[in-house]
file input06.pdb (PDB, C-alpha atoms, pLDDT in the B column)
ATOM      1  CA  MET A  30       0.000   0.000   0.000  1.00 35.00           C
ATOM      2  CA  ALA A  31       2.723   2.480   0.995  1.00 41.00           C
ATOM      3  CA  ARG A  32       4.741   1.949  -2.110  1.00 41.00           C
ATOM      4  CA  ASN A  33       1.684   2.660  -4.270  1.00 50.00           C
ATOM      5  CA  LYS A  34       0.832   5.790  -2.334  1.00 51.00           C
ATOM      6  CA  TYR A  35       4.410   7.098  -2.194  1.00 56.00           C
ATOM      7  CA  PRO A  36       6.256   5.602  -5.189  1.00 78.00           C
ATOM      8  CA  GLU A  37       8.994   8.232  -5.094  1.00 84.00           C
ATOM      9  CA  VAL A  38       9.855   7.207  -1.523  1.00 86.00           C
ATOM     10  CA  THR A  39      10.045   3.568  -2.570  1.00 89.00           C
ATOM     11  CA  VAL A  40      12.330   4.406  -5.495  1.00 91.00           C
ATOM     12  CA  GLN A  41      14.686   6.370  -3.248  1.00 88.00           C
ATOM     13  CA  ARG A  42      14.795   3.501  -0.742  1.00 91.00           C
ATOM     14  CA  ILE A  43      15.662   1.046  -3.495  1.00 93.00           C
ATOM     15  CA  LEU A  44      18.428   3.316  -4.758  1.00 90.00           C
ATOM     16  CA  ASP A  45      19.812   3.934  -1.256  1.00 88.00           C
ATOM     17  CA  VAL A  46      19.967   0.224  -0.445  1.00 91.00           C
ATOM     18  CA  SER A  47      21.306  -0.693  -3.877  1.00 89.00           C
ATOM     19  CA  MET A  48      24.084   1.873  -3.705  1.00 83.00           C
ATOM     20  CA  ASN A  49      25.185   0.591  -0.296  1.00 84.00           C
ATOM     21  CA  LEU A  50      25.199  -2.996  -1.546  1.00 85.00           C
ATOM     22  CA  PHE A  51      27.079  -2.083  -4.721  1.00 81.00           C
ATOM     23  CA  LEU A  52      29.722  -0.385  -2.571  1.00 74.00           C
ATOM     24  CA  GLU A  53      29.914  -3.272  -0.108  1.00 79.00           C
ATOM     25  CA  LYS A  54      29.782  -6.238  -2.483  1.00 79.00           C
ATOM     26  CA  GLY A  55      30.386  -4.720  -5.901  1.00 76.00           C
ATOM     27  CA  TYR A  56      27.873  -4.490  -8.706  1.00 79.00           C
ATOM     28  CA  GLU A  57      28.618  -7.918 -10.152  1.00 79.00           C
ATOM     29  CA  ASN A  58      28.184  -9.687  -6.810  1.00 84.00           C
ATOM     30  CA  THR A  59      24.947  -7.947  -5.865  1.00 88.00           C
ATOM     31  CA  THR A  60      21.694  -9.626  -6.898  1.00 92.00           C
ATOM     32  CA  ILE A  61      18.151  -8.349  -6.957  1.00 94.00           C
ATOM     33  CA  GLN A  62      17.446 -10.816  -4.158  1.00 94.00           C
ATOM     34  CA  ASP A  63      20.163  -9.138  -2.067  1.00 94.00           C
ATOM     35  CA  ILE A  64      18.373  -5.837  -2.541  1.00 94.00           C
ATOM     36  CA  VAL A  65      15.034  -7.435  -1.603  1.00 94.00           C
ATOM     37  CA  ASP A  66      16.543  -8.983   1.525  1.00 93.00           C
ATOM     38  CA  GLU A  67      18.114  -5.710   2.607  1.00 93.00           C
ATOM     39  CA  LEU A  68      14.893  -3.752   2.104  1.00 92.00           C
ATOM     40  CA  GLY A  69      12.941  -6.307   4.088  1.00 89.00           C
ATOM     41  CA  ASP A  70       9.419  -5.241   3.137  1.00 86.00           C
ATOM     42  CA  LEU A  71       9.434  -5.301  -0.673  1.00 89.00           C
ATOM     43  CA  SER A  72       9.173  -8.176  -3.109  1.00 91.00           C
ATOM     44  CA  LYS A  73      11.082  -8.680  -6.343  1.00 92.00           C
ATOM     45  CA  GLY A  74       7.885  -7.765  -8.135  1.00 92.00           C
ATOM     46  CA  ALA A  75       7.772  -4.427  -6.327  1.00 90.00           C
ATOM     47  CA  ILE A  76      11.341  -3.645  -7.399  1.00 93.00           C
ATOM     48  CA  TYR A  77      10.683  -4.694 -10.991  1.00 92.00           C
ATOM     49  CA  HIS A  78       7.644  -2.420 -10.957  1.00 91.00           C
ATOM     50  CA  HIS A  79      10.064   0.523 -10.729  1.00 93.00           C
ATOM     51  CA  PHE A  80      13.162  -0.891 -12.456  1.00 93.00           C
ATOM     52  CA  LYS A  81      13.309  -3.386 -15.305  1.00 92.00           C
ATOM     53  CA  SER A  82      16.728  -4.729 -14.340  1.00 90.00           C
ATOM     54  CA  LYS A  83      19.749  -4.348 -12.099  1.00 88.00           C
ATOM     55  CA  GLU A  84      21.380  -2.373 -14.913  1.00 85.00           C
ATOM     56  CA  ASP A  85      18.545   0.154 -14.733  1.00 88.00           C
ATOM     57  CA  ILE A  86      19.093   0.476 -10.993  1.00 90.00           C
ATOM     58  CA  ILE A  87      22.777   1.354 -11.235  1.00 83.00           C
ATOM     59  CA  GLN A  88      22.027   3.742 -14.100  1.00 81.00           C
ATOM     60  CA  ALA A  89      19.506   5.501 -11.858  1.00 85.00           C
ATOM     61  CA  VAL A  90      22.069   5.612  -9.039  1.00 80.00           C
ATOM     62  CA  GLY A  91      24.530   7.333 -11.373  1.00 74.00           C
ATOM     63  CA  GLU A  92      21.897   9.777 -12.596  1.00 75.00           C
ATOM     64  CA  ARG A  93      20.980  10.680  -9.041  1.00 74.00           C
ATOM     65  CA  ILE A  94      24.619  11.461  -8.230  1.00 66.00           C
ATOM     66  CA  HIS A  95      24.782  13.915 -11.150  1.00 65.00           C
ATOM     67  CA  ALA A  96      21.249  15.265 -10.742  1.00 63.00           C
ATOM     68  CA  GLY A  97      22.270  18.356  -8.799  1.00 60.00           C
ATOM     69  CA  VAL A  98      25.087  19.357 -11.145  1.00 68.00           C
ATOM     70  CA  ASP A  99      24.458  21.443 -14.250  1.00 76.00           C
ATOM     71  CA  PHE A 100      27.770  22.021 -15.983  1.00 78.00           C
ATOM     72  CA  ARG A 101      26.078  24.289 -18.529  1.00 78.00           C
ATOM     73  CA  SER A 102      25.243  26.916 -15.938  1.00 80.00           C
ATOM     74  CA  MET A 103      27.520  26.249 -12.958  1.00 79.00           C
ATOM     75  CA  TYR A 104      29.918  29.013 -14.046  1.00 82.00           C
ATOM     76  CA  ASP A 105      27.331  31.569 -15.137  1.00 77.00           C
ATOM     77  CA  GLY A 106      28.365  34.973 -13.886  1.00 75.00           C
ATOM     78  CA  GLU A 107      31.995  33.907 -13.334  1.00 78.00           C
ATOM     79  CA  GLU A 108      33.362  36.617 -15.602  1.00 79.00           C
ATOM     80  CA  ASN A 109      36.848  36.374 -14.118  1.00 87.00           C
ATOM     81  CA  MET A 110      37.197  32.734 -15.199  1.00 92.00           C
ATOM     82  CA  SER A 111      38.502  31.966 -18.668  1.00 95.00           C
ATOM     83  CA  GLY A 112      37.031  29.231 -20.840  1.00 94.00           C
ATOM     84  CA  ARG A 113      40.134  27.130 -20.213  1.00 96.00           C
ATOM     85  CA  GLU A 114      39.798  27.504 -16.438  1.00 95.00           C
ATOM     86  CA  LYS A 115      36.129  26.508 -16.558  1.00 94.00           C
ATOM     87  CA  ILE A 116      36.964  23.273 -18.398  1.00 95.00           C
ATOM     88  CA  LYS A 117      39.760  22.550 -15.940  1.00 94.00           C
ATOM     89  CA  GLN A 118      37.440  23.096 -12.984  1.00 92.00           C
ATOM     90  CA  ILE A 119      34.859  20.730 -14.490  1.00 91.00           C
ATOM     91  CA  VAL A 120      37.559  18.071 -14.815  1.00 90.00           C
ATOM     92  CA  LEU A 121      38.661  18.620 -11.215  1.00 90.00           C
ATOM     93  CA  TYR A 122      35.072  18.528  -9.973  1.00 86.00           C
ATOM     94  CA  CYS A 123      34.476  15.186 -11.685  1.00 81.00           C
ATOM     95  CA  VAL A 124      37.642  13.464 -10.494  1.00 82.00           C
ATOM     96  CA  LYS A 125      37.502  14.846  -6.948  1.00 81.00           C
ATOM     97  CA  SER A 126      33.794  14.297  -6.252  1.00 74.00           C
ATOM     98  CA  THR A 127      33.415  11.880  -3.342  1.00 69.00           C
ATOM     99  CA  ASP A 128      30.076  10.593  -4.622  1.00 67.00           C
ATOM    100  CA  GLN A 129      31.527  10.094  -8.089  1.00 66.00           C
ATOM    101  CA  ARG A 130      34.452   8.113  -6.700  1.00 64.00           C
ATOM    102  CA  ARG A 131      32.161   5.939  -4.610  1.00 68.00           C
ATOM    103  CA  PHE A 132      29.991   5.270  -7.641  1.00 65.00           C
ATOM    104  CA  LEU A 133      32.940   4.397  -9.886  1.00 65.00           C
ATOM    105  CA  LYS A 134      34.389   2.081  -7.255  1.00 65.00           C
ATOM    106  CA  SER A 135      31.131   0.118  -7.117  1.00 62.00           C
ATOM    107  CA  ALA A 136      30.395   0.151 -10.855  1.00 63.00           C
ATOM    108  CA  PRO A 137      30.791  -2.880 -13.119  1.00 60.00           C
ATOM    109  CA  THR A 138      33.725  -3.453 -15.432  1.00 63.00           C
ATOM    110  CA  ILE A 139      32.362  -1.606 -18.433  1.00 63.00           C
ATOM    111  CA  MET A 140      34.174  -3.619 -21.102  1.00 60.00           C
ATOM    112  CA  GLU A 141      32.296  -6.736 -19.980  1.00 65.00           C
ATOM    113  CA  ASN A 142      28.949  -4.935 -20.124  1.00 68.00           C
ATOM    114  CA  PRO A 143      28.187  -3.686 -23.665  1.00 73.00           C
ATOM    115  CA  LYS A 144      25.124  -1.793 -22.450  1.00 72.00           C
ATOM    116  CA  PHE A 145      27.207   0.303 -20.074  1.00 73.00           C
ATOM    117  CA  LEU A 146      29.928   0.863 -22.657  1.00 78.00           C
ATOM    118  CA  ALA A 147      27.329   2.105 -25.152  1.00 82.00           C
ATOM    119  CA  MET A 148      25.846   4.382 -22.473  1.00 78.00           C
ATOM    120  CA  GLU A 149      29.282   5.810 -21.659  1.00 80.00           C
ATOM    121  CA  VAL A 150      30.042   6.550 -25.310  1.00 87.00           C
ATOM    122  CA  HIS A 151      26.626   8.132 -25.860  1.00 87.00           C
ATOM    123  CA  GLU A 152      26.840  10.340 -22.769  1.00 84.00           C
ATOM    124  CA  SER A 153      30.404  11.376 -23.604  1.00 88.00           C
ATOM    125  CA  VAL A 154      29.572  12.497 -27.152  1.00 92.00           C
ATOM    126  CA  GLU A 155      25.929  13.542 -26.990  1.00 91.00           C
ATOM    127  CA  GLU A 156      25.585  15.012 -23.505  1.00 87.00           C
ATOM    128  CA  PHE A 157      28.925  16.212 -22.150  1.00 90.00           C
ATOM    129  CA  ALA A 158      30.957  17.060 -25.277  1.00 95.00           C
ATOM    130  CA  PRO A 159      28.574  19.882 -26.348  1.00 94.00           C
ATOM    131  CA  ILE A 160      29.008  21.479 -22.926  1.00 93.00           C
ATOM    132  CA  ILE A 161      32.793  21.303 -23.181  1.00 95.00           C
ATOM    133  CA  ALA A 162      32.639  22.643 -26.754  1.00 96.00           C
ATOM    134  CA  THR A 163      30.808  25.736 -25.470  1.00 94.00           C
ATOM    135  CA  TYR A 164      33.589  26.456 -22.994  1.00 95.00           C
ATOM    136  CA  ILE A 165      36.266  25.781 -25.629  1.00 97.00           C
ATOM    137  CA  ALA A 166      34.610  28.364 -27.880  1.00 96.00           C
ATOM    138  CA  GLU A 167      34.590  30.748 -24.931  1.00 95.00           C
ATOM    139  CA  GLY A 168      38.291  30.066 -24.370  1.00 96.00           C
ATOM    140  CA  ASN A 169      38.983  30.822 -28.024  1.00 97.00           C
ATOM    141  CA  ARG A 170      37.217  34.149 -27.640  1.00 96.00           C
ATOM    142  CA  ASP A 171      38.964  35.161 -24.430  1.00 96.00           C
ATOM    143  CA  GLY A 172      42.382  34.008 -25.666  1.00 96.00           C
ATOM    144  CA  SER A 173      42.963  31.292 -23.056  1.00 97.00           C
ATOM    145  CA  LEU A 174      42.658  28.563 -25.725  1.00 97.00           C
ATOM    146  CA  ASN A 175      43.395  28.240 -29.406  1.00 96.00           C
ATOM    147  CA  VAL A 176      41.399  25.259 -30.686  1.00 97.00           C
ATOM    148  CA  GLU A 177      40.631  25.049 -34.381  1.00 96.00           C
ATOM    149  CA  TYR A 178      37.816  22.513 -34.082  1.00 96.00           C
ATOM    150  CA  PRO A 179      36.006  23.042 -30.735  1.00 97.00           C
ATOM    151  CA  GLU A 180      33.267  20.442 -31.210  1.00 97.00           C
ATOM    152  CA  GLU A 181      35.604  17.722 -32.393  1.00 97.00           C
ATOM    153  CA  ALA A 182      38.175  18.526 -29.708  1.00 97.00           C
ATOM    154  CA  ALA A 183      35.480  18.265 -27.051  1.00 97.00           C
ATOM    155  CA  GLU A 184      34.463  14.826 -28.322  1.00 97.00           C
ATOM    156  CA  VAL A 185      38.088  13.654 -28.354  1.00 96.00           C
ATOM    157  CA  LEU A 186      38.551  14.857 -24.768  1.00 96.00           C
ATOM    158  CA  MET A 187      35.420  13.141 -23.508  1.00 93.00           C
ATOM    159  CA  LEU A 188      36.030   9.851 -25.340  1.00 94.00           C
ATOM    160  CA  LEU A 189      39.658   9.593 -24.274  1.00 93.00           C
ATOM    161  CA  ALA A 190      38.955  10.657 -20.687  1.00 90.00           C
ATOM    162  CA  ASN A 191      35.817   8.576 -20.164  1.00 85.00           C
ATOM    163  CA  ILE A 192      36.788   5.529 -22.227  1.00 87.00           C
ATOM    164  CA  TRP A 193      40.468   5.270 -23.090  1.00 90.00           C
ATOM    165  CA  ILE A 194      41.979   6.130 -19.673  1.00 85.00           C
ATOM    166  CA  ASN A 195      39.000   4.842 -17.678  1.00 81.00           C
ATOM    167  CA  PRO A 196      40.258   1.855 -15.617  1.00 77.00           C
ATOM    168  CA  LEU A 197      36.715   0.452 -15.632  1.00 73.00           C
ATOM    169  CA  VAL A 198      37.054   0.039 -19.402  1.00 78.00           C
ATOM    170  CA  PHE A 199      40.733  -0.726 -19.936  1.00 79.00           C
ATOM    171  CA  THR A 200      42.552  -2.292 -17.014  1.00 76.00           C
ATOM    172  CA  GLY A 201      46.282  -1.886 -16.510  1.00 76.00           C
ATOM    173  CA  ASN A 202      48.924  -1.089 -13.930  1.00 83.00           C
ATOM    174  CA  MET A 203      49.805   2.383 -12.700  1.00 85.00           C
ATOM    175  CA  GLU A 204      52.808   2.672 -15.018  1.00 88.00           C
ATOM    176  CA  LYS A 205      50.641   2.060 -18.069  1.00 89.00           C
ATOM    177  CA  PHE A 206      48.082   4.516 -16.741  1.00 88.00           C
ATOM    178  CA  GLU A 207      50.797   7.178 -16.367  1.00 90.00           C
ATOM    179  CA  HIS A 208      51.847   6.635 -19.970  1.00 92.00           C
ATOM    180  CA  LYS A 209      48.251   7.085 -21.104  1.00 92.00           C
ATOM    181  CA  LEU A 210      47.866  10.225 -19.019  1.00 92.00           C
ATOM    182  CA  HIS A 211      50.981  11.789 -20.550  1.00 94.00           C
ATOM    183  CA  CYS A 212      49.850  10.753 -24.030  1.00 95.00           C
ATOM    184  CA  LEU A 213      46.421  12.294 -23.397  1.00 95.00           C
ATOM    185  CA  GLU A 214      48.072  15.550 -22.376  1.00 95.00           C
ATOM    186  CA  LYS A 215      50.153  15.616 -25.579  1.00 96.00           C
ATOM    187  CA  VAL A 216      47.117  14.863 -27.756  1.00 96.00           C
ATOM    188  CA  LEU A 217      45.065  17.624 -26.150  1.00 96.00           C
ATOM    189  CA  ASN A 218      47.947  20.093 -26.286  1.00 96.00           C
ATOM    190  CA  GLY A 219      48.345  19.297 -29.971  1.00 96.00           C
ATOM    191  CA  MET A 220      44.751  20.402 -30.526  1.00 96.00           C
ATOM    192  CA  GLY A 221      45.284  23.571 -28.506  1.00 96.00           C
ATOM    193  CA  LEU A 222      43.272  22.207 -25.577  1.00 96.00           C
ATOM    194  CA  THR A 223      45.889  22.919 -22.908  1.00 96.00           C
ATOM    195  CA  ILE A 224      43.867  22.055 -19.815  1.00 95.00           C
ATOM    196  CA  ILE A 225      46.027  19.408 -18.150  1.00 94.00           C
ATOM    197  CA  ASP A 226      48.472  20.795 -15.610  1.00 93.00           C
ATOM    198  CA  GLU A 227      50.052  19.363 -12.460  1.00 93.00           C
ATOM    199  CA  GLU A 228      46.906  19.976 -10.389  1.00 94.00           C
ATOM    200  CA  VAL A 229      44.796  17.974 -12.842  1.00 93.00           C
ATOM    201  CA  ARG A 230      47.433  15.237 -13.149  1.00 92.00           C
ATOM    202  CA  GLU A 231      47.584  14.762  -9.377  1.00 92.00           C
ATOM    203  CA  ALA A 232      43.796  14.687  -9.047  1.00 89.00           C
ATOM    204  CA  VAL A 233      43.480  12.083 -11.823  1.00 88.00           C
ATOM    205  CA  ARG A 234      46.241   9.947 -10.283  1.00 88.00           C
ATOM    206  CA  ASP A 235      44.540  10.123  -6.916  1.00 85.00           C
ATOM    207  CA  MET A 236      41.229   8.985  -8.393  1.00 81.00           C
ATOM    208  CA  ARG A 237      42.997   6.114 -10.177  1.00 81.00           C
ATOM    209  CA  LYS A 238      44.517   4.946  -6.882  1.00 78.00           C
ATOM    210  CA  VAL A 239      41.100   5.026  -5.220  1.00 73.00           C
ATOM    211  CA  LEU A 240      39.734   2.692  -7.889  1.00 68.00           C
ATOM    212  CA  ASP A 241      42.549   0.153  -7.496  1.00 65.00           C
TER     213      ASP A 241
END
call {"tool": "encode", "arguments": {"input": "input06.pdb", "output": "structure tokens"}}
result
Amino acid sequence: MARNKYPEVTVQRILDVSMNLFLEKGYENTTIQDIVDELGDLSKGAIYHHFKSKEDIIQAVGERIHAGVDFRSMYDGEENMSGREKIKQIVLYCVKSTDQRRFLKSAPTIMENPKFLAMEVHESVEEFAPIIATYIAEGNRDGSLNVEYPEEAAEVLMLLANIWINPLVFTGNMEKFEHKLHCLEKVLNGMGLTIIDEEVREAVRDMRKVLD
């Protein structure tokens, strides 16, 4: 009765419990039955009423983490910040976010889950790259950047950052990761997208260590 009367409360409870289980046991080792057992008063049918699958649950968990962040407007009115600095701060926000790190640590190995890999590619190109492209264009105007192809450069940044150096997609030791990070910096610099400095490098390394 309660879940029918207050479905939004039920959804939030499912996501809260699921997130805790994903963190404790890992996504792969958590079953829908585990979530049912932890909730205590809901059946599998009640969960499937709100979510079609476990994949839908973790997708909703990720969306909830990002729900309060609007990168398109978070720097509105920051006239003293260059376009380059805004992109750098977005990168730092993403790699330093505690919630983001917790989510990544509990997420599945993307390469073994085609659905998640497709989602990551789509979000990188269709959702986040246009935002970055706007700030690149701003950086071109204010002189902090000199990027000939803003839209394409934004897509390259997002695909390489979210896929190529993402340890959830391509595993590897820290030495290999360092090589990729340096290569990424050279590629971006070659396009005029000079956003990686020592502060960004250290933040990315720190996030990588957290995920190990």
call {"tool": "residues_around", "arguments": {"input": "input06.pdb", "residues": "A:Ile116", "least_positions_apart": "3", "cutoff": "9 Å", "atoms": "only C-alpha atoms", "output": "list of chain:residue names"}}
result
A:Ser111, A:Gly112, A:Arg113, A:Ile119, A:Val120, A:Leu121, A:Ile161, A:Tyr164, A:Ile165, A:Ile224
call {"tool": "closest_residue", "arguments": {"input": "input06.pdb", "among": "A:Ile225, A:Leu174, A:Leu146, A:Ala158", "to": "A:Leu197", "atoms": "all atoms listed in the file"}}
result
A:Leu146
call {"tool": "residues_near_point", "arguments": {"input": "input06.pdb", "point": "(11.4, -2.7, -4.5)", "cutoff": "9 Å", "atoms": "all atoms listed in the file", "output": "count of residues only"}}
result
19
call {"tool": "resolve_selection", "arguments": {"input": "input06.pdb", "expression": "the PyMOL selection byres ((chain A and resi 84-86) around 9)", "output": "PyMOL selection string"}}
result
chain A and resi 43-44+47-48+80-83+87-91+144-145
call {"tool": "residues_around", "arguments": {"input": "input06.pdb", "residues": "A:Val216", "least_positions_apart": "4", "cutoff": "10 Å", "atoms": "all atoms listed in the file", "output": "list in words"}}
result
Ala182, Val185, Leu186, Leu189, Leu210, His211, Cys212, Met220, Gly221, Leu222 and Thr223 of chain A
call {"tool": "closest_residue", "arguments": {"input": "input06.pdb", "among": "A:Lys117, A:Arg101, A:Arg170, A:Arg230", "to": "A:His208", "atoms": "only C-alpha atoms"}}
result
A:Arg230
call {"tool": "resolve_selection", "arguments": {"input": "input06.pdb", "expression": "the PyMOL selection byres ((chain A and resi 150) around 12)", "output": "list in words"}}
result
Ile139, Met140, Pro143, Lys144, Phe145, Leu146, Ala147, Met148, Glu149, His151, Glu152, Ser153, Val154, Glu155, Glu156, Phe157, Ala158, Glu184, Val185, Leu186, Met187, Leu188, Leu189, Ala190, Asn191, Ile192, Trp193, Asn195 and Val198 of chain A
call {"tool": "write_last_selection", "arguments": {"input": "input06.pdb", "atoms": "C-alpha atoms", "output": "PDB file, keeping the file's coordinate frame"}}
result
ATOM      1  CA  ILE A 139      32.362  -1.606 -18.433  1.00 63.00           C
ATOM      2  CA  MET A 140      34.174  -3.619 -21.102  1.00 60.00           C
ATOM      3  CA  PRO A 143      28.187  -3.686 -23.665  1.00 73.00           C
ATOM      4  CA  LYS A 144      25.124  -1.793 -22.450  1.00 72.00           C
ATOM      5  CA  PHE A 145      27.207   0.303 -20.074  1.00 73.00           C
ATOM      6  CA  LEU A 146      29.928   0.863 -22.657  1.00 78.00           C
ATOM      7  CA  ALA A 147      27.329   2.105 -25.152  1.00 82.00           C
ATOM      8  CA  MET A 148      25.846   4.382 -22.473  1.00 78.00           C
ATOM      9  CA  GLU A 149      29.282   5.810 -21.659  1.00 80.00           C
ATOM     10  CA  HIS A 151      26.626   8.132 -25.860  1.00 87.00           C
ATOM     11  CA  GLU A 152      26.840  10.340 -22.769  1.00 84.00           C
ATOM     12  CA  SER A 153      30.404  11.376 -23.604  1.00 88.00           C
ATOM     13  CA  VAL A 154      29.572  12.497 -27.152  1.00 92.00           C
ATOM     14  CA  GLU A 155      25.929  13.542 -26.990  1.00 91.00           C
ATOM     15  CA  GLU A 156      25.585  15.012 -23.505  1.00 87.00           C
ATOM     16  CA  PHE A 157      28.925  16.212 -22.150  1.00 90.00           C
ATOM     17  CA  ALA A 158      30.957  17.060 -25.277  1.00 95.00           C
ATOM     18  CA  GLU A 184      34.463  14.826 -28.322  1.00 97.00           C
ATOM     19  CA  VAL A 185      38.088  13.654 -28.354  1.00 96.00           C
ATOM     20  CA  LEU A 186      38.551  14.857 -24.768  1.00 96.00           C
ATOM     21  CA  MET A 187      35.420  13.141 -23.508  1.00 93.00           C
ATOM     22  CA  LEU A 188      36.030   9.851 -25.340  1.00 94.00           C
ATOM     23  CA  LEU A 189      39.658   9.593 -24.274  1.00 93.00           C
ATOM     24  CA  ALA A 190      38.955  10.657 -20.687  1.00 90.00           C
ATOM     25  CA  ASN A 191      35.817   8.576 -20.164  1.00 85.00           C
ATOM     26  CA  ILE A 192      36.788   5.529 -22.227  1.00 87.00           C
ATOM     27  CA  TRP A 193      40.468   5.270 -23.090  1.00 90.00           C
ATOM     28  CA  ASN A 195      39.000   4.842 -17.678  1.00 81.00           C
ATOM     29  CA  VAL A 198      37.054   0.039 -19.402  1.00 78.00           C
TER      30      VAL A 198
END
call {"tool": "closest_residue", "arguments": {"input": "input06.pdb", "among": "A:Val38, A:Lys238, A:Val233, A:Ile61", "to": "A:Lys125", "atoms": "only C-alpha atoms"}}
result
A:Val233
call {"tool": "atom_distance", "arguments": {"input": "input06.pdb", "atom1": "atom CA of A:Asn175", "atom2": "atom CA of A:Ile194"}}
result
24.2 Å
call {"tool": "atom_distance", "arguments": {"input": "input06.pdb", "atom1": "atom CA of A:Gln41", "atom2": "atom CA of A:Lys54"}}
result
19.7 Å
call {"tool": "closest_residue", "arguments": {"input": "input06.pdb", "among": "A:Thr200, A:Asn49, A:Asn218, A:Thr163", "to": "A:Lys115", "atoms": "all atoms listed in the file"}}
result
A:Thr163
